[in-house]
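Structure first, then comments.
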Amino acid sequence: MTWLITGGAGYIGAHVVRAMTEAGERAVVYDDLSTGIAERVPADVPLVVGSTLDGELLARTCTEHRVTGVVHLAAKKQVGESVELPLHYYRENVEGLRVLLEAVTEAAVPSFVFSSSAAVYGMPDVDLVTEETPCVPMSPYGETKLAGEWLVRATGRATGLSTASLRYFNVAGAATPELADVGVFNLVPMVFERLTQAAPPRIFGDDYPTPDGTCVRDYIHVVDLAEAHVAAARVLRATPGTDLTLNIGRGEGVSVREMVDRINAITGHDAPPTVTARRPGDPPRVVASADRAAAELGWKAKYDVQDMITSAWDGWTRLHPGAAR
């Protein structure tokens with residue numbers, strides 16, 4: 001099969017491309033390069049530069065490259081920015097998806113994997129989030145992901161498109177230093193940045209109803225996440241008409257304070273964190289139940305938090321040589 005990977009020049013996308021090609025699948029990357037990096041795309045993988053709002057280019061790409069499956073990763077993904085720019089997020093994430101699905105169905109592409117997010121759950125009051133936990137997103141970003149799931153599922157039911165919506169939890173780590181996350185939007189790179197600046201890491205609130213008062217999250221290695229895409233793609237290919245919605249996490253909660261302590265230890269720093277005010281909308285605990293992914297895909301995360309931090313730090317120090325100690 002040939003898989004069109006939208007957003008394939010991004011942090012997660014580049015890992016999915018790598019996992020797909022290593023598994024013997026053919027890949028084509030479609031990316032507007034607004035945040036993606038062209039150099040991440042292997043030389044033997046075609047790169048089409050374009051927007052998911054360009055239906056004509058999408059249709060031509062599907063035809064010219066004989067696309068037989070799509071992994072849709074291209075999206076705007078910053079929660080805070082989505083609050084400031086909701087119309088932009090709905091246009092890029094929902095209208096872009098609609099245009100893509102129109103091109104996909106017109107080209108009779110049979111399989112579609114959608115990148116969703118744990119943000120669809122909002123602030124769940126449960127120890128483990130299952131796929132049946134009510135979805136009450138708290139940001140326009142989360143809303144667009146939930147709306148995207150609805151759109152993907154409805155299209156599948158109407159057209160026979162096999163679909164899988166993968167709800168990512170907190171992604172970290174890198175397969176190789178050159179594929180590391182270059183953004184500073186998530187906890188691990190945010191702590192790295194503070195350490196590089198010789199500044200104390202920040203913890204946003206320590207009065208949550210958790211064992212140490214800080215938020216608890218489920219962290220997943222980006223390599224494991226990429227392998228979940230390969231597994232989902234193969235299930236869709238083998239079972240036409242499939243409709244899956246799956247959590248992709250490890251099922252293990254780690255608090256923010258624990259993560260900061262582990263980052264300090266692994267990177268050789270000793271920088272006690274400072275506590276600042278809570279960020280609006282941060283739920284106390286969001287940890288996945290990954291049982292359904294294991295049952296449906298035969299997939300399970302292999303890497304732990306230490307692997308995530310170590311590989312992410314290798315990538316960070318490659319980009320910021322002065323950070324190494």
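We label chains A, B, ... in the order they appear in the structure tokens, count residues from 1 in each chain, and number ligands from 1 in the order shown.
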I'd like a table as a Markdown table: residues in region 53-81 of chain A with an atom no more than 10 Å from region 177-198 of chain A, each row giving the shortest atom pair and its distance in Å to one decimal, only C-alpha atoms counted, sorted by chain and rising residue number.
| residue | atom | partner | partner_atom | distance |
| --- | --- | --- | --- | --- |
| A:Lys77 | CA | A:Phe185 | CA | 9.8 |
| A:Gln78 | CA | A:Phe185 | CA | 7.6 |
| A:Val79 | CA | A:Phe185 | CA | 9.6 |
| A:Gly80 | CA | A:Phe185 | CA | 10.0 |
Compile the contact shell of region 119-132 of chain A as a ChimeraX atom specification: residues with an atom at most 6 Å away, counting only C-alpha atoms, same-chain residues fewer than 5 positions apart removed. /A:137-138,142,146,283,287-289
Give one line per residue of region 244-310 of chain A that approaches region 214-228 of chain A to at most 6 Å, naming the two atoms of the closest pair and their distance in Å to one decimal, counting only C-alpha atoms; sort by chain then ascending residue number and deliver it as a tab-separated table.
residue	atom	partner	partner_atom	distance
A:Gly249	CA	A:Ile220	CA	5.4
A:Glu252	CA	A:Asp218	CA	5.7
A:Gly253	CA	A:Asp218	CA	4.9
A:Val254	CA	A:Val216	CA	5.3
A:Ser255	CA	A:Val216	CA	4.1
A:Val256	CA	A:Cys215	CA	5.7
A:Pro284	CA	A:Cys215	CA	4.7
A:Arg285	CA	A:Val216	CA	4.6
A:Val286	CA	A:Arg217	CA	5.2
A:Val287	CA	A:Asp218	CA	4.8
A:Ala301	CA	A:Asp224	CA	5.4
A:Met308	CA	A:His221	CA	5.6
Give me the residues near Ala231 (chain A) as JSON, numbers by chain, where near means some atom within 12 Å (using only C-alpha atoms) and where sequence neighbours in that chain fewer than 2 positions away do not count. {"A": [16, 19, 20, 23, 25, 71, 113, 164, 166, 224, 225, 226, 227, 228, 229, 233, 234, 235, 236, 237, 238, 246, 248, 293, 294, 295, 296, 297, 298, 299, 300, 301]}
Residues within 8 Å of Arg257 (chain A), only C-alpha atoms, excluding chain neighbours under 3 positions, as number ranges by chain: A: 203, 212, 214, 260-261
Separation of CA of Thr210 (chain A) and CA of Thr144 (chain A), in Å? 29.0 Å
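From CA of Asn247 (chain A) back to CA of Glu149 (chain A), the distance works out to 12.8 Å.
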Measuring between only C-alpha atoms, which one of A:Val275, A:Val109, A:Val171, A:Ile266 shows the shortest distance to Leu58 (chain A)? A:Val109
Measuring atom to atom with only C-alpha atoms, identify which of A:Gly8, A:Gly96, A:Gly315, A:Pro200 is nearest to Gly55 (chain A). A:Gly96
